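S.K.: Data file query_28.cif (mmCIF, C-alpha atoms) is appended below.
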data_structure
loop_
_atom_site.label_atom_id
_atom_site.label_comp_id
_atom_site.auth_asym_id
_atom_site.auth_seq_id
_atom_site.Cartn_x
_atom_site.Cartn_y
_atom_site.Cartn_z
CA MET A 1 -12.08 1.10 -9.53
CA ALA A 2 -13.60 -2.40 -9.60
CA VAL A 3 -12.26 -5.05 -7.24
CA TRP A 4 -10.86 -6.98 -10.22
CA ASP A 5 -8.50 -4.23 -11.39
CA ASP A 6 -5.46 -5.64 -9.56
CA LEU A 7 -6.00 -9.12 -10.98
CA VAL A 8 -3.48 -8.87 -13.81
CA GLY A 9 -3.64 -10.99 -16.96
CA GLN A 10 -6.41 -13.29 -15.66
CA ASP A 11 -9.34 -12.38 -17.93
CA ARG A 12 -10.86 -15.87 -17.97
CA VAL A 13 -10.71 -16.23 -14.20
CA THR A 14 -12.13 -12.73 -13.72
CA GLU A 15 -15.09 -13.55 -15.96
CA GLN A 16 -15.88 -16.72 -14.00
CA LEU A 17 -15.63 -14.98 -10.63
CA ALA A 18 -17.74 -12.04 -11.79
CA ALA A 19 -20.44 -14.42 -13.01
CA ALA A 20 -20.36 -16.32 -9.70
CA ALA A 21 -20.59 -13.03 -7.76
CA ARG A 22 -23.70 -12.06 -9.73
CA ASP A 23 -25.32 -15.40 -8.95
CA ALA A 24 -24.28 -15.13 -5.30
CA ASP A 25 -25.93 -11.73 -5.15
CA ALA A 26 -29.08 -13.24 -6.62
CA LEU A 27 -28.99 -16.09 -4.10
CA VAL A 28 -28.84 -13.69 -1.16
CA THR A 29 -31.62 -11.61 -2.70
CA ALA A 30 -33.65 -14.80 -3.13
CA VAL A 31 -33.47 -15.37 0.62
CA GLU A 32 -35.06 -11.95 0.94
CA GLY A 33 -37.89 -12.85 -1.42
CA ALA A 34 -36.70 -12.72 -5.05
CA PRO A 35 -36.34 -15.83 -7.25
CA SER A 36 -32.95 -17.56 -7.29
CA PRO A 37 -31.11 -18.41 -10.54
CA ALA A 38 -31.95 -21.78 -12.03
CA ALA A 39 -28.35 -22.81 -12.68
CA SER A 40 -26.12 -20.91 -10.29
CA LYS A 41 -22.40 -20.48 -10.96
CA MET A 42 -21.91 -19.92 -7.24
CA THR A 43 -20.68 -22.65 -4.91
CA HIS A 44 -19.59 -22.87 -1.28
CA ALA A 45 -15.89 -23.80 -1.77
CA TRP A 46 -13.29 -22.56 -4.24
CA LEU A 47 -9.67 -23.52 -4.83
CA PHE A 48 -7.38 -20.95 -6.47
CA THR A 49 -4.19 -22.45 -7.89
CA GLY A 50 -1.37 -21.01 -9.93
CA PRO A 51 2.39 -20.39 -9.88
CA PRO A 52 3.91 -18.02 -7.31
CA GLY A 53 3.14 -14.41 -8.17
CA SER A 54 0.11 -15.22 -10.31
CA GLY A 55 -2.22 -13.46 -7.88
CA ARG A 56 -4.04 -16.33 -6.16
CA ALA A 57 -4.61 -14.39 -2.94
CA THR A 58 -5.50 -11.24 -4.87
CA ALA A 59 -8.18 -13.14 -6.79
CA ALA A 60 -9.58 -14.65 -3.58
CA ARG A 61 -9.75 -11.27 -1.83
CA ALA A 62 -11.33 -9.62 -4.87
CA PHE A 63 -13.97 -12.35 -5.00
CA ALA A 64 -14.61 -11.98 -1.26
CA ALA A 65 -15.14 -8.24 -1.79
CA ALA A 66 -17.56 -8.86 -4.65
CA LEU A 67 -19.54 -11.26 -2.46
CA GLN A 68 -19.89 -8.53 0.20
CA CYS A 69 -20.65 -5.72 -2.26
CA VAL A 70 -23.60 -3.56 -1.21
CA SER A 71 -23.46 -1.00 -4.03
CA PRO A 72 -26.91 0.43 -4.84
CA ASP A 73 -26.03 0.07 -8.53
CA ARG A 74 -26.75 -3.66 -8.26
CA ALA A 75 -30.47 -2.89 -8.21
CA LEU A 76 -30.02 -1.15 -11.56
CA GLY A 77 -28.22 -4.07 -13.17
CA GLY A 78 -24.70 -3.21 -12.03
CA ALA A 79 -22.27 -6.02 -11.30
CA PRO A 80 -21.15 -6.71 -7.70
CA GLY A 81 -17.58 -5.69 -6.93
CA CYS A 82 -17.69 -1.92 -7.40
CA GLY A 83 -14.65 -1.38 -5.18
CA PHE A 84 -16.10 1.74 -3.53
CA CYS A 85 -18.93 0.63 -1.24
CA GLU A 86 -18.44 -0.24 2.42
CA GLY A 87 -18.58 -3.97 1.78
CA CYS A 88 -15.89 -3.88 -0.93
CA HIS A 89 -13.65 -1.39 0.87
CA THR A 90 -13.61 -3.08 4.27
CA THR A 91 -12.99 -6.48 2.68
CA LEU A 92 -10.04 -5.25 0.63
CA VAL A 93 -8.40 -3.53 3.61
CA GLY A 94 -9.05 -6.53 5.87
CA THR A 95 -11.53 -5.07 8.36
CA HIS A 96 -14.83 -6.64 7.28
CA ALA A 97 -16.47 -8.45 10.20
CA ASP A 98 -17.60 -11.38 8.02
CA VAL A 99 -14.37 -11.94 6.07
CA GLU A 100 -11.54 -13.87 7.74
CA ILE A 101 -8.26 -13.72 5.79
CA VAL A 102 -5.81 -16.36 7.02
CA ARG A 103 -2.15 -16.22 6.08
CA THR A 104 0.64 -17.83 8.05
CA ASP A 105 4.23 -16.78 8.64
CA LEU A 106 5.00 -20.24 10.05
CA LEU A 107 5.97 -23.46 8.30
CA SER A 108 2.53 -25.04 8.67
CA ILE A 109 -1.08 -24.53 9.78
CA GLY A 110 -2.03 -26.91 12.56
CA VAL A 111 -5.17 -28.58 13.85
CA LYS A 112 -5.90 -26.01 16.56
CA GLU A 113 -5.93 -23.06 14.15
CA THR A 114 -8.06 -24.98 11.66
CA ARG A 115 -10.63 -25.92 14.30
CA ASP A 116 -10.97 -22.25 15.20
CA LEU A 117 -11.69 -21.49 11.53
CA VAL A 118 -14.24 -24.29 11.29
CA ARG A 119 -16.07 -22.96 14.34
CA ARG A 120 -16.18 -19.50 12.81
CA ALA A 121 -17.46 -20.93 9.53
CA GLN A 122 -20.56 -22.25 11.30
CA LEU A 123 -21.67 -18.74 12.27
CA SER A 124 -24.18 -16.73 10.29
CA PRO A 125 -22.95 -13.45 8.79
CA ALA A 126 -22.89 -10.72 11.44
CA GLY A 127 -23.77 -7.93 9.06
CA GLY A 128 -22.53 -8.84 5.62
CA ARG A 129 -24.08 -10.99 2.95
CA TRP A 130 -21.78 -14.03 3.34
CA GLN A 131 -19.40 -15.49 5.89
CA VAL A 132 -16.15 -15.77 3.89
CA ILE A 133 -12.98 -17.63 4.95
CA VAL A 134 -9.93 -16.90 2.77
CA LEU A 135 -7.15 -19.41 3.44
CA GLU A 136 -4.14 -18.05 1.53
CA ASP A 137 -1.78 -20.92 2.45
CA ALA A 138 -3.92 -24.02 2.08
CA ASP A 139 -0.82 -25.93 0.97
CA ARG A 140 0.62 -25.47 4.49
CA LEU A 141 -2.17 -27.38 6.20
CA THR A 142 -0.88 -30.41 8.07
CA GLU A 143 -2.58 -33.73 7.31
CA GLY A 144 -4.54 -33.51 10.54
CA ALA A 145 -5.60 -29.93 9.82
CA GLY A 146 -6.69 -30.95 6.33
CA ASN A 147 -8.92 -33.66 7.77
CA VAL A 148 -10.48 -31.13 10.15
CA LEU A 149 -11.16 -28.76 7.24
CA LEU A 150 -12.66 -31.54 5.12
CA LYS A 151 -15.70 -31.89 7.37
CA ALA A 152 -16.46 -28.16 7.10
CA VAL A 153 -16.11 -28.19 3.33
CA GLU A 154 -18.31 -31.29 3.04
CA GLU A 155 -21.12 -29.84 5.16
CA PRO A 156 -20.92 -26.05 4.90
CA ALA A 157 -23.20 -23.59 6.64
CA PRO A 158 -25.79 -22.07 4.25
CA ARG A 159 -24.12 -18.65 3.93
CA THR A 160 -20.45 -19.64 4.32
CA VAL A 161 -17.89 -19.61 1.48
CA TRP A 162 -14.41 -21.13 1.66
CA LEU A 163 -11.72 -19.64 -0.61
CA LEU A 164 -8.55 -21.77 -0.57
CA CYS A 165 -5.26 -20.82 -2.27
CA ALA A 166 -2.42 -23.18 -3.17
CA PRO A 167 0.33 -23.39 -5.82
CA SER A 168 -1.16 -26.52 -7.42
CA LEU A 169 -3.99 -29.02 -7.05
CA GLU A 170 -1.52 -31.62 -5.77
CA ASP A 171 -0.71 -29.40 -2.77
CA VAL A 172 -4.22 -29.96 -1.35
CA LEU A 173 -5.72 -33.21 -0.08
CA PRO A 174 -7.64 -34.99 -2.88
CA THR A 175 -10.73 -35.21 -0.66
CA ILE A 176 -10.74 -31.42 -0.24
CA ARG A 177 -10.03 -30.44 -3.82
CA SER A 178 -12.74 -32.80 -5.09
CA ARG A 179 -15.26 -30.70 -3.14
CA CYS A 180 -14.03 -27.33 -4.42
CA ARG A 181 -14.52 -25.52 -7.69
CA SER A 182 -11.01 -25.07 -9.06
CA LEU A 183 -9.68 -21.98 -10.83
CA THR A 184 -6.16 -22.00 -12.28
CA LEU A 185 -4.33 -18.70 -12.70
CA ARG A 186 -1.42 -18.17 -15.07
CA THR A 187 1.77 -16.18 -14.72
CA PRO A 188 0.83 -12.62 -15.75
CA PRO A 189 2.57 -11.02 -18.75
CA VAL A 190 5.62 -8.93 -17.85
CA ALA A 191 4.20 -5.85 -19.57
CA ALA A 192 0.95 -6.11 -17.61
CA VAL A 193 2.83 -6.33 -14.30
CA ALA A 194 4.95 -3.30 -15.19
CA ASP A 195 1.81 -1.34 -16.08
CA LEU A 196 0.20 -2.30 -12.74
CA LEU A 197 3.24 -1.14 -10.74
CA ALA A 198 3.32 2.18 -12.55
CA ARG A 199 -0.45 2.72 -12.35
CA ARG A 200 -1.20 1.47 -8.86
CA ASP A 201 2.02 2.14 -6.95
CA GLY A 202 3.32 5.19 -8.81
CA ILE A 203 6.65 3.52 -9.64
CA ASP A 204 8.78 4.97 -12.41
CA PRO A 205 7.83 3.09 -15.62
CA ALA A 206 11.45 2.21 -16.45
CA LEU A 207 12.07 0.78 -12.97
CA ALA A 208 8.71 -1.00 -13.03
CA ALA A 209 9.56 -2.62 -16.37
CA GLN A 210 12.98 -3.74 -15.10
CA ALA A 211 11.51 -5.22 -11.90
CA ALA A 212 8.72 -7.01 -13.78
CA ARG A 213 11.20 -8.45 -16.26
CA ALA A 214 13.63 -9.53 -13.53
CA THR A 215 10.92 -11.42 -11.63
CA GLN A 216 9.29 -12.80 -14.80
CA GLY A 217 5.80 -11.59 -13.92
CA HIS A 218 5.78 -12.29 -10.15
CA ILE A 219 3.69 -9.35 -8.93
CA GLY A 220 4.69 -9.37 -5.26
CA ARG A 221 8.41 -9.80 -5.90
CA ALA A 222 8.35 -7.18 -8.65
CA ARG A 223 6.80 -4.62 -6.30
CA ARG A 224 9.33 -5.36 -3.58
CA LEU A 225 12.23 -5.16 -6.03
CA ALA A 226 10.99 -1.82 -7.36
CA THR A 227 10.41 -0.28 -3.92
CA ASP A 228 13.14 -1.79 -1.73
CA GLU A 229 16.73 -0.81 -2.44
CA ARG A 230 18.02 -3.52 -0.10
CA ALA A 231 16.18 -6.16 -2.12
CA ARG A 232 17.85 -4.90 -5.30
CA ALA A 233 21.26 -4.99 -3.63
CA ARG A 234 20.74 -8.57 -2.42
CA ARG A 235 19.65 -9.67 -5.87
CA GLU A 236 22.71 -8.09 -7.49
CA ALA A 237 24.89 -10.00 -5.01
CA VAL A 238 23.17 -13.28 -5.97
CA LEU A 239 23.74 -12.62 -9.67
CA ARG A 240 27.47 -12.18 -9.02
CA LEU A 241 27.72 -15.64 -7.45
CA PRO A 242 28.29 -17.56 -10.74
CA LEU A 243 31.47 -15.51 -11.29
CA ARG A 244 32.83 -16.39 -7.84
CA VAL A 245 32.90 -20.19 -7.93
CA ASP A 246 36.18 -20.61 -9.79
CA ASP A 247 37.84 -22.54 -6.91
CA MET A 248 36.77 -24.51 -3.86
CA GLY A 249 37.42 -21.61 -1.50
CA GLY A 250 35.21 -19.36 -3.59
CA CYS A 251 32.43 -21.97 -3.57
CA LEU A 252 32.42 -22.28 0.21
CA LYS A 253 32.64 -18.53 0.76
CA ALA A 254 29.78 -17.84 -1.68
CA ALA A 255 27.62 -20.46 0.05
CA GLN A 256 28.26 -18.94 3.47
CA GLU A 257 27.43 -15.44 2.23
CA LEU A 258 24.17 -16.68 0.72
CA ILE A 259 23.18 -18.25 4.05
CA ASP A 260 24.21 -15.12 5.95
CA ALA A 261 22.11 -12.91 3.66
CA ALA A 262 19.05 -15.10 4.26
CA ALA A 263 19.66 -14.96 8.02
CA GLU A 264 19.93 -11.17 7.83
CA ASP A 265 16.57 -11.05 6.07
CA ALA A 266 15.01 -13.08 8.88
CA LYS A 267 16.64 -10.81 11.45
CA GLN A 268 15.22 -7.68 9.82
CA VAL A 269 11.71 -9.15 9.89
CA ALA A 270 12.19 -10.12 13.54
CA GLU A 271 13.32 -6.62 14.47
CA GLU A 272 10.24 -5.13 12.82
CA VAL A 273 7.68 -7.55 14.26
CA ASP A 274 8.96 -9.45 17.30
CA THR A 275 9.54 -6.47 19.59
CA LYS A 276 6.07 -5.07 18.94
CA GLU A 277 4.43 -8.49 19.50
CA THR A 278 6.34 -9.04 22.72
CA GLU A 279 5.47 -5.65 24.17
CA GLU A 280 1.81 -6.02 23.23
CA LEU A 281 1.63 -9.42 24.94
CA ARG A 282 3.44 -8.15 28.04
CA ALA A 283 0.97 -5.28 28.30
CA ALA A 284 -1.97 -7.65 27.84
CA LEU A 285 -0.60 -9.91 30.59
CA GLY A 286 -0.22 -6.98 32.96
CA ALA A 287 3.58 -6.81 33.09
CA ALA A 288 5.23 -3.80 34.69
CA ALA A 289 6.12 -1.00 32.29
CA GLY A 290 9.42 -1.31 30.40
CA THR A 291 11.09 -4.29 28.77
CA GLY A 292 12.58 -5.39 32.10
CA GLY A 293 9.29 -5.36 34.00
CA ARG A 294 8.39 -8.56 35.82
CA LEU A 295 5.59 -10.71 34.43
CA PRO A 296 2.70 -11.69 36.71
CA ARG A 297 2.69 -15.24 38.03
CA GLY A 298 1.38 -17.93 35.71
CA THR A 299 2.02 -16.01 32.46
CA ALA A 300 5.44 -17.40 31.58
CA GLY A 301 3.82 -20.09 29.43
CA ALA A 302 2.18 -17.50 27.18
CA MET A 303 5.50 -15.73 26.67
CA LYS A 304 7.23 -19.04 25.90
CA GLU A 305 4.56 -19.86 23.31
CA LEU A 306 5.10 -16.48 21.63
CA GLN A 307 8.88 -16.98 21.57
CA ASP A 308 8.50 -20.42 20.00
CA ARG A 309 6.20 -18.97 17.37
CA GLN A 310 8.69 -16.22 16.60
CA LYS A 311 11.47 -18.78 16.18
CA ARG A 312 9.37 -20.80 13.73
CA ARG A 313 8.58 -17.61 11.80
CA ALA A 314 12.28 -16.75 11.62
CA THR A 315 12.99 -20.22 10.22
CA ARG A 316 10.38 -19.81 7.51
CA THR A 317 11.56 -16.29 6.66
CA GLN A 318 15.12 -17.54 6.27
CA ARG A 319 13.98 -20.41 4.05
CA ASP A 320 11.82 -18.12 1.92
CA SER A 321 14.68 -15.65 1.47
CA LEU A 322 17.06 -18.45 0.49
CA ASP A 323 14.51 -19.89 -1.93
CA LEU A 324 14.11 -16.46 -3.52
CA ALA A 325 17.87 -16.24 -4.04
CA LEU A 326 17.87 -19.69 -5.67
CA THR A 327 15.01 -18.60 -7.94
CA ASP A 328 17.04 -15.58 -9.06
CA LEU A 329 20.04 -17.84 -9.65
CA THR A 330 17.92 -20.17 -11.79
CA GLY A 331 16.81 -17.16 -13.84
CA PHE A 332 20.45 -16.20 -14.39
CA TYR A 333 21.33 -19.59 -15.86
CA ARG A 334 18.11 -19.59 -17.87
CA ASP A 335 19.39 -16.41 -19.54
CA VAL A 336 22.80 -18.04 -20.08
CA LEU A 337 21.07 -20.95 -21.83
CA ALA A 338 19.05 -18.57 -23.99
CA ILE A 339 22.27 -16.87 -25.15
CA GLN A 340 23.98 -20.21 -25.82
CA LEU A 341 21.08 -21.42 -27.93
CA GLY A 342 20.65 -18.13 -29.78
CA SER A 343 17.11 -17.69 -28.50
CA ARG A 344 15.29 -14.41 -29.09
CA THR A 345 13.58 -14.68 -25.70
CA GLU A 346 13.85 -11.46 -23.71
CA LEU A 347 16.49 -11.78 -20.99
CA ALA A 348 15.25 -11.46 -17.42
CA ASN A 349 18.63 -10.09 -16.33
CA ALA A 350 19.47 -7.83 -19.23
CA GLU A 351 21.37 -5.45 -16.91
CA ALA A 352 23.87 -8.29 -16.24
CA ARG A 353 24.43 -9.14 -19.88
CA ASP A 354 28.25 -8.94 -19.63
CA SER A 355 28.26 -11.59 -16.91
CA LEU A 356 25.77 -13.73 -18.81
CA GLU A 357 27.86 -13.71 -21.97
CA ARG A 358 31.04 -14.45 -20.02
CA ILE A 359 29.48 -17.56 -18.46
CA ALA A 360 27.91 -18.55 -21.80
CA ARG A 361 31.29 -18.46 -23.57
CA ALA A 362 32.97 -20.53 -20.84
CA SER A 363 30.61 -23.52 -21.09
CA GLY A 364 28.05 -25.27 -23.27
CA PRO A 365 24.27 -25.74 -22.99
CA GLU A 366 24.72 -29.17 -21.38
CA GLY A 367 26.78 -27.67 -18.57
CA THR A 368 24.20 -24.92 -18.06
CA LEU A 369 21.41 -27.47 -17.77
CA ARG A 370 23.45 -29.40 -15.18
CA ARG A 371 23.89 -26.18 -13.20
CA ILE A 372 20.14 -25.47 -13.28
CA GLU A 373 19.52 -29.04 -12.07
CA ALA A 374 22.00 -28.47 -9.23
CA ILE A 375 19.99 -25.46 -8.09
CA LEU A 376 16.76 -27.47 -8.23
CA ASP A 377 18.45 -30.25 -6.24
CA CYS A 378 19.36 -27.67 -3.59
CA ARG A 379 15.75 -26.49 -3.35
CA ARG A 380 14.56 -30.08 -2.99
CA ALA A 381 17.15 -30.72 -0.27
CA LEU A 382 15.95 -27.67 1.66
CA ASP A 383 12.38 -28.98 1.41
CA ARG A 384 13.62 -32.19 3.05
CA ASN A 385 15.09 -30.14 5.92
CA VAL A 386 18.73 -30.70 4.95
CA ALA A 387 20.98 -28.24 6.80
CA PRO A 388 20.89 -25.08 4.62
CA LEU A 389 24.66 -24.52 4.61
CA LEU A 390 25.38 -28.11 3.51
CA ALA A 391 22.77 -27.93 0.74
CA VAL A 392 24.06 -24.60 -0.60
CA GLU A 393 27.71 -25.70 -0.40
CA ALA A 394 26.87 -28.79 -2.44
CA MET A 395 25.14 -26.55 -4.98
CA THR A 396 28.03 -24.09 -5.36
CA VAL A 397 30.50 -26.96 -5.83
CA ALA A 398 28.21 -28.39 -8.54
CA LEU A 399 28.02 -24.95 -10.20
CA ARG A 400 31.83 -24.90 -10.36
CA ALA A 401 31.95 -28.39 -11.86
CA GLY A 402 29.34 -27.56 -14.50
#
Any chance you could put this one into structure tokens?
M.R.:
Amino acid sequence: MAVWDDLVGQDRVTEQLAAAARDADALVTAVEGAPSPAASKMTHAWLFTGPPGSGRATAARAFAAALQCVSPDRALGGAPGCGFCEGCHTTLVGTHADVEIVRTDLLSIGVKETRDLVRRAQLSPAGGRWQVIVLEDADRLTEGAGNVLLKAVEEPAPRTVWLLCAPSLEDVLPTIRSRCRSLTLRTPPVAAVADLLARRDGIDPALAAQAARATQGHIGRARRLATDERARARREAVLRLPLRVDDMGGCLKAAQELIDAAAEDAKQVAEEVDTKETEELRAALGAAAGTGGRLPRGTAGAMKELQDRQKRRATRTQRDSLDLALTDLTGFYRDVLAIQLGSRTELANAEARDSLERIARASGPEGTLRRIEAILDCRRALDRNVAPLLAVEAMTVALRAG
């Protein structure tokens, strides 16, 4: 299986990356004595952009694996990125010594973390062919962190490659994106996502098709929806919300339940991760065995730093969960609008057709568009750090008004 196999519906991008990987292989070989290509398609900094679920991080990791490919078939004309050799395998599973994959579960990436990356980028490869830094959340760089990164991108080490991922070009500082080769990914076709889930993850084809259709081609969300029963239950609850805003009491209750569900999501993540992190840090600091063991003197600051980080992660998890619910709600009203206009577009929420038709009969297309705009206003308010409950209550009241 080649490293590109999980990059769904991105044929043009795959071709460009494969060509760059071939030239990168030739460049490394040239260092060892062979001639380098006259016009190389390889460069030191790449920016992968595309809508959520398009596979930006997947493309970056696949490219990183191809850059580290050590398959003997290359000497016989084979393309880098076999997917089986040690270089490909360790990169894809995240254990390659010369590939740093950076993803954050916080709201932003600060200056300190970015400086650590820049220092690493100056090192020569320890054993691989390239030193590769994959920054999956380049859009979360603070302005100061972006300025720190700019210097490294402007003056890269000879065998270092930066792979940055962001939803759009506008999410990255102009000075950084002007120094990167940009690749734009598209939303993958629903059928291709369903095929990937069935082929790669062994999911029942009918369930895979339903999940792919419900998420409109978002690969990560489709996989979670197909494999997590709790995620399906939460989504069904969100899709019932439009039927529950008939009066003011219903609006306020629905808003509170939406906030509570997002908080529960954050709590589940905390239960899975926080306890393990805390115990590992306590052991590293030399605390007495057991959760009640006393910490050695002078280590309270490290524990406080971990607790603050966990709180910031919980805030982001809650926001992400709430944003996902709002995305599902937007898809519901998109289907309502399609029914009202007589469109032949396939419904994302075909299993809720009775509810869709009920809402469609009770209003017109203009009212549906106003409701979609109310949801978008709520998302914008959350981005501006408006209190989540106030933002969602305003949205549910607007959904009632139509």
S.K.: Report as a PyMOL selection string the residues that result from applying the PyMOL selection byres ((chain A and resi 311-317) around 12) to the structure here.
M.R.: chain A and resi 104-109+140+261-274+304-310+318-324+382-383+385+387-388
S.K.: Residues within 9 Å of region 76-79 of chain A, please, as a PyMOL selection string. Count only C-alpha atoms; anything in the same chain fewer than 5 positions from it doesn't count.
M.R.: chain A and resi 18-19+21-22+66+71
S.K.: Work out how far CA of Val132 (chain A) is from CA of Thr114 (chain A), in Å to one decimal.
M.R.: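 Computing it gives 14.5 Å between the two atoms.
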S.K.: Can you measure CA of Ala65 (chain A) to CA of Thr91 (chain A) for me? One decimal in Å is fine.
M.R.: 5.3 Å
S.K.: Work out how far apart CA of Arg179 (chain A) and CA of Ser54 (chain A) are and give it in Å to one decimal.
M.R.: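 CA of Ser54 (chain A) lies 23.0 Å from CA of Arg179 (chain A).
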S.K.: When the PyMOL selection byres ((chain A and resi 402) around 7) is applied to the structure above, which residues does it catch, written out as a short mmCIF file (atom, residue, chain, number, x, y, z; two decimals) with C-alpha atoms, in the coordinates of the input?
M.R.:
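The file below, expr-v6.cif, is the result:
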data_model
loop_
_atom_site.label_atom_id
_atom_site.label_comp_id
_atom_site.auth_asym_id
_atom_site.auth_seq_id
_atom_site.Cartn_x
_atom_site.Cartn_y
_atom_site.Cartn_z
CA GLY A 367 26.78 -27.67 -18.57
CA THR A 368 24.20 -24.92 -18.06
CA ARG A 370 23.45 -29.40 -15.18
CA ARG A 371 23.89 -26.18 -13.20
CA ALA A 398 28.21 -28.39 -8.54
CA LEU A 399 28.02 -24.95 -10.20
CA ARG A 400 31.83 -24.90 -10.36
CA ALA A 401 31.95 -28.39 -11.86
#
S.K.: On this structure, the PyMOL selection byres ((chain A and resi 338) around 12) would catch which residues? List them as a PyMOL selection string, sorted by chain and number.
M.R.: chain A and resi 331-337+339-350+353+356-357+359-360+364-365+368-369
S.K.: Which one is closest to Val190 (chain A): A:Pro52, A:Gly217, A:Pro174, A:Pro125? Count all atoms listed in the file.
M.R.: A:Gly217
S.K.: Show me a table, sorted first by chain and then by increasing residue number, of the residues of region 6-93 of chain A having an atom at most 9 Å from region 162-165 of chain A, each with its shortest atom pair and the distance in Å to one decimal, counting all atoms listed in the file and written as CSV.
M.R.:
residue,atom,partner,partner_atom,distance
A:His44,CA,A:Trp162,CA,6.2
A:Ala45,CA,A:Trp162,CA,4.6
A:Trp46,CA,A:Leu163,CA,4.9
A:Leu47,CA,A:Leu164,CA,4.7
A:Phe48,CA,A:Cys165,CA,4.7
A:Thr49,CA,A:Cys165,CA,5.9
A:Gly50,CA,A:Cys165,CA,8.6
A:Arg56,CA,A:Cys165,CA,6.1
A:Ala57,CA,A:Cys165,CA,6.5
A:Ala60,CA,A:Leu163,CA,6.2
A:Arg61,CA,A:Leu163,CA,8.7
A:Phe63,CA,A:Leu163,CA,8.8
A:Ala64,CA,A:Leu163,CA,8.2
S.K.: Please determine, counting all atoms listed in the file, which residue among A:Cys82, A:Val111, A:Leu239, A:Leu150 has the shortest atom-to-atom distance to Thr175 (chain A).
M.R.: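 That would be A:Leu150, the residue with the smallest distance to Thr175 (chain A).
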S.K.: Could you tell me which of A:Ile203, A:Ala255, A:Leu117, A:Ala362 comes closest to Leu390 (chain A) if we count all atoms listed in the file?
M.R.: A:Ala255
S.K.: Tell me which protein, DNA and RNA residues are within 10 Å of region 191-193 of chain A, counting only C-alpha atoms, leaving out same-chain ones fewer than 6 positions away, and put them as an NGL selection string.
M.R.: :A and (6-9 or 199 or 208-209 or 211-213 or 215-220 or 222-223)
S.K.: Give me, as a PyMOL selection string, all polymer residues having an atom no more than 12 Å from Pro156 (chain A), counting only C-alpha atoms and skipping those fewer than 4 positions away in the same chain.
M.R.: chain A and resi 43-45+118-124+131-133+149-152+160-162+179-180
